[in-house]
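Undergrad: Can you read through this structure? Questions will come right after.
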Amino acid sequence: MVEQKLGLDWAPQQIAAWLVNTYPDDPALHVSHETIYRALYVQARGAFKRSLVAHLRRRPGYRRSRSTTYATRGQIVDAVSIAERPPSADNRAVPGHWEGDLLIGKQGTQIATLVERRSRFVVLIRVPTADSATVVAALARRVQQLPKALRQSLTWDRGKEMAQHAQFTIATDVQVYFCDPRSPWQRGSNENTNGLLRQYFPKGYDLSNVTQQQLDVVARKLNGRPRETLGWKTPAEVLNAAVASTG
């Protein structure tokens, strides 16, 4: 079971917690994350070791530096401040409030990322160019596919890719709220998810050849991995439960 979860890119700590939650009355099936790491780095050998260790995240932090992107930030006409975002978004009380960003790869390549605040459920969207018309159209098409209960709000930074936010709101009936300048921490869930995505798309990675199908596979992996902040439930489980509770 440990090998299977490692193959799905689960971290040893996630696997250890999942085993306890799944088999609470069978200590024989419990194993600590330290034991998993020791098995991989000390006991495992050869091709078996390489194939499993390759699934581990190499470093805990992959946050994208914003210093190279400030030049693309500027005034957004008719931007609604994050300070006006409804309390239900701030306290994660109801599902459907999203944070979004562009994950930047090799120069001129990017993908759009959406993270639902309550569940940390991620949606990845292929965008061939970063101009506002292309990004907004791609986001609108994807958001329109969501159940109405999951279309509450979207929080973005000051990137010019959302200059046409009014068109997005008209198409989706979803209000866009903008972070304060140089304040990516105001979209903390999205920043954290973008860090996780660097396991699959390292800095400088050419994203132009990544298909939507490939993005969907990565999203399913992230949405199917238990998260400590969710009490070791998966984003998919939390989102499904939240939607069910809304009727």
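In the structure tokens, each chain is lettered A, B, ... as it comes, each chain's residues begin at 1, and ligands are numbered from 1 in order of appearance.
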Range 94-188 of chain A: which residues are strand (DSSP E) by DSSP, as a list in words?

TA: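 Taking range 94-188 of chain A and keeping strand (DSSP E) only, one gets His97, Trp98, Glu99, Gly100, Asp101, Leu102, Leu103, Ile104, Gln110, Ile111, Ala112, Thr113, Leu114, Val115, Glu116, Val122, Val123, Leu124, Ile125, Arg126, Ser153, Leu154, Thr155, Trp156, Gln175, Val176, Tyr177 and Phe178 of chain A.
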
Undergrad: Need to verify the contact set: Arg220 in chain A, 9 Å, only C-alpha atoms, exclusion of same-chain residues closer than 4 positions in sequence. Can you return it as a PyMOL selection string?

TA: chain A and resi 122-123+215-216+224-225+236

Undergrad: Based on the selection just made, write N, CA and C atoms of those residues as a PDB file, in the first residue's frame.

TA:
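The resulting file, result10.pdb, is reproduced below:
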ATOM      1  N   VAL A 122      -8.004  21.861  -6.498  1.00  0.00           N
ATOM      2  CA  VAL A 122      -7.302  22.601  -7.540  1.00  0.00           C
ATOM      3  C   VAL A 122      -7.852  22.259  -8.924  1.00  0.00           C
ATOM      4  N   VAL A 123      -7.915  23.284  -9.760  1.00  0.00           N
ATOM      5  CA  VAL A 123      -8.272  23.138 -11.173  1.00  0.00           C
ATOM      6  C   VAL A 123      -7.141  23.761 -11.980  1.00  0.00           C
ATOM      7  N   LEU A 215      -2.700  18.076 -17.554  1.00  0.00           N
ATOM      8  CA  LEU A 215      -3.019  18.937 -16.415  1.00  0.00           C
ATOM      9  C   LEU A 215      -4.102  18.312 -15.542  1.00  0.00           C
ATOM     10  N   ASP A 216      -5.082  17.698 -16.170  1.00  0.00           N
ATOM     11  CA  ASP A 216      -6.159  17.051 -15.412  1.00  0.00           C
ATOM     12  C   ASP A 216      -5.620  15.900 -14.564  1.00  0.00           C
ATOM     13  N   GLY A 224      -6.488  14.142  -4.776  1.00  0.00           N
ATOM     14  CA  GLY A 224      -6.664  12.842  -4.137  1.00  0.00           C
ATOM     15  C   GLY A 224      -5.662  12.552  -3.045  1.00  0.00           C
ATOM     16  N   ARG A 225      -4.837  13.546  -2.692  1.00  0.00           N
ATOM     17  CA  ARG A 225      -3.842  13.359  -1.639  1.00  0.00           C
ATOM     18  C   ARG A 225      -4.320  13.993  -0.345  1.00  0.00           C
ATOM     19  N   ALA A 236     -10.713  16.521  -2.598  1.00  0.00           N
ATOM     20  CA  ALA A 236     -11.915  16.024  -3.272  1.00  0.00           C
ATOM     21  C   ALA A 236     -12.985  15.626  -2.257  1.00  0.00           C
TER      22      ALA A 236
END

Undergrad: Using only C-alpha atoms, find the one residue out of A:Leu29, A:Ile36, A:Ala171, A:Ala11 that sits nearest to Arg227 in chain A.

TA: A:Ala11

Undergrad: List the neighbours of Pro87 in chain A out to 12 Å using only C-alpha atoms; skip same-chain residues closer than 5 positions along the sequence, and give me the result as a list of chain:residue names.

TA: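 Skipping anything fewer than 5 positions along the chain leaves A:Ile82, A:Arg92, A:Ala93, A:Val94, A:His97, A:Gln152, A:Ser153.
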
Undergrad: Counting only C-alpha atoms, figure out which residue out of A:Ala130, A:Leu150, A:Ala138, A:Ile15 gets nearest to Gly105 in chain A.

TA: A:Ala130

Undergrad: With only C-alpha atoms as the counted atoms, please give the residues lying no more than 12 Å from Asn91 in chain A, apart from itself and same-chain residues fewer than 5 positions off, as a PyMOL selection string.

TA: chain A and resi 85-86+97+117-118

Undergrad: So which one's closest to Ala242 in chain A, A:Leu139, A:Ala149, A:Ala83, A:Ile125? Using only C-alpha atoms, please.

TA: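 Once distances to Ala242 in chain A are computed over only C-alpha atoms, the minimum belongs to A:Ala149.
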
Undergrad: Determine, counting only C-alpha atoms, which protein, DNA and RNA residues have an atom within 7 Å of an atom of Ala140 in chain A; residues of the same chain fewer than 4 positions away are not included. Present the result as a list in words.

TA: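 What passes the distance filter is Val136, Gln144, Phe168, Ala171 and Thr172 of chain A.
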
Undergrad: Would you pick out the contacts of Ser183 in chain A at 9 Å or less, using only C-alpha atoms, so that residues sharing its chain but fewer than 4 positions from it are not included, and give the list as a PDB file with C-alpha atoms, in the first residue's frame?

TA:
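Result file follows (part.pdb):
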ATOM      1  CA  ASP A 157      -3.368  39.365  -7.863  1.00  0.00           C
ATOM      2  CA  CYS A 179      -5.123  41.475  -3.797  1.00  0.00           C
ATOM      3  CA  ARG A 187      -3.909  34.243  -1.878  1.00  0.00           C
TER       4      ARG A 187
END

Undergrad: Which is closer to Gln107 in chain A than all the others in A:Ala54, A:Leu19, A:Leu207, A:Ala219, using only C-alpha atoms?

TA: A:Leu207

Undergrad: Please return, as a PyMOL selection string, all residues of range 46-228 of chain A that DSSP assigns to helix (DSSP H, G or I) on the basis of the backbone.

TA: chain A and resi 46-53+70-72+82-84+87-90+132-143+148-150+160-162+165-172+184-197+212-223+228

Undergrad: Do you know which residues are at most 12 Å from Ala79 in chain A counting only C-alpha atoms, after dropping those on the same chain fewer than 4 positions away, and could you put them as an MDAnalysis selection string?

TA: chainID A and resid 74:75 83:85 155:160 162:166 169 175:181

Undergrad: With C-alpha atoms kept, could you save the residues just selected as a PDB file, in the first residue's frame?

TA:
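Result saved to selection39.pdb:
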ATOM      1  CA  GLY A  74      -0.094  47.528 -12.944  1.00  0.00           C
ATOM      2  CA  GLN A  75      -3.356  49.305 -12.538  1.00  0.00           C
ATOM      3  CA  ALA A  83     -11.086  44.126   1.439  1.00  0.00           C
ATOM      4  CA  GLU A  84     -14.600  44.007  -0.050  1.00  0.00           C
ATOM      5  CA  ARG A  85     -14.652  40.236  -0.377  1.00  0.00           C
ATOM      6  CA  THR A 155      -9.447  36.357  -5.928  1.00  0.00           C
ATOM      7  CA  TRP A 156      -6.498  37.273  -8.160  1.00  0.00           C
ATOM      8  CA  ASP A 157      -3.368  39.365  -7.863  1.00  0.00           C
ATOM      9  CA  ARG A 158      -2.674  42.503  -9.899  1.00  0.00           C
ATOM     10  CA  GLY A 159      -1.475  40.709 -13.012  1.00  0.00           C
ATOM     11  CA  LYS A 160      -2.475  42.275 -16.307  1.00  0.00           C
ATOM     12  CA  MET A 162      -6.967  39.802 -15.540  1.00  0.00           C
ATOM     13  CA  ALA A 163      -7.347  43.268 -17.049  1.00  0.00           C
ATOM     14  CA  GLN A 164     -10.556  42.052 -18.730  1.00  0.00           C
ATOM     15  CA  HIS A 165     -12.043  40.862 -15.437  1.00  0.00           C
ATOM     16  CA  ALA A 166     -15.346  42.564 -16.222  1.00  0.00           C
ATOM     17  CA  THR A 169     -17.779  38.423 -14.414  1.00  0.00           C
ATOM     18  CA  GLN A 175     -17.075  38.698  -8.945  1.00  0.00           C
ATOM     19  CA  VAL A 176     -13.295  39.098  -9.114  1.00  0.00           C
ATOM     20  CA  TYR A 177     -11.478  40.570  -6.095  1.00  0.00           C
ATOM     21  CA  PHE A 178      -7.897  41.798  -6.352  1.00  0.00           C
ATOM     22  CA  CYS A 179      -5.123  41.475  -3.797  1.00  0.00           C
ATOM     23  CA  ASP A 180      -3.222  44.500  -2.622  1.00  0.00           C
ATOM     24  CA  PRO A 181      -0.092  45.217  -4.708  1.00  0.00           C
TER      25      PRO A 181
END

Undergrad: If you take only C-alpha atoms and a cut-off of 12 Å, which residues of range 208-241 of chain A touch range 191-195 of chain A, and what are their nearest atom pairs and distances in Å to one decimal, in chain and number order, as a tab-separated table?

TA:
residue	atom	partner	partner_atom	distance
A:Val218	CA	A:Thr193	CA	11.7
A:Ala219	CA	A:Thr193	CA	10.3
A:Leu222	CA	A:Thr193	CA	8.7
A:Asn223	CA	A:Thr193	CA	10.6
A:Arg227	CA	A:Thr193	CA	11.4
A:Thr229	CA	A:Asn192	CA	11.7
A:Pro235	CA	A:Thr193	CA	11.6

Undergrad: Looking at only C-alpha atoms, which of A:Thr129, A:Ala137, A:Gln212, A:Pro12 is the one that sits closest to Arg38 in chain A?

TA: A:Pro12

Undergrad: Record the distance separating CA of Thr234 in chain A and CA of Gly204 in chain A, expressed in Å with one decimal.

TA: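 Separation between CA of Thr234 in chain A and CA of Gly204 in chain A: 29.1 Å.
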
Undergrad: When you count only C-alpha atoms, which of these residues is closest to Ala89 in chain A: A:Leu154, A:Val174, A:Leu197, A:Val135?

TA: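 Nearest candidate to Ala89 in chain A out of A:Leu154, A:Val174, A:Leu197, A:Val135: A:Leu154.
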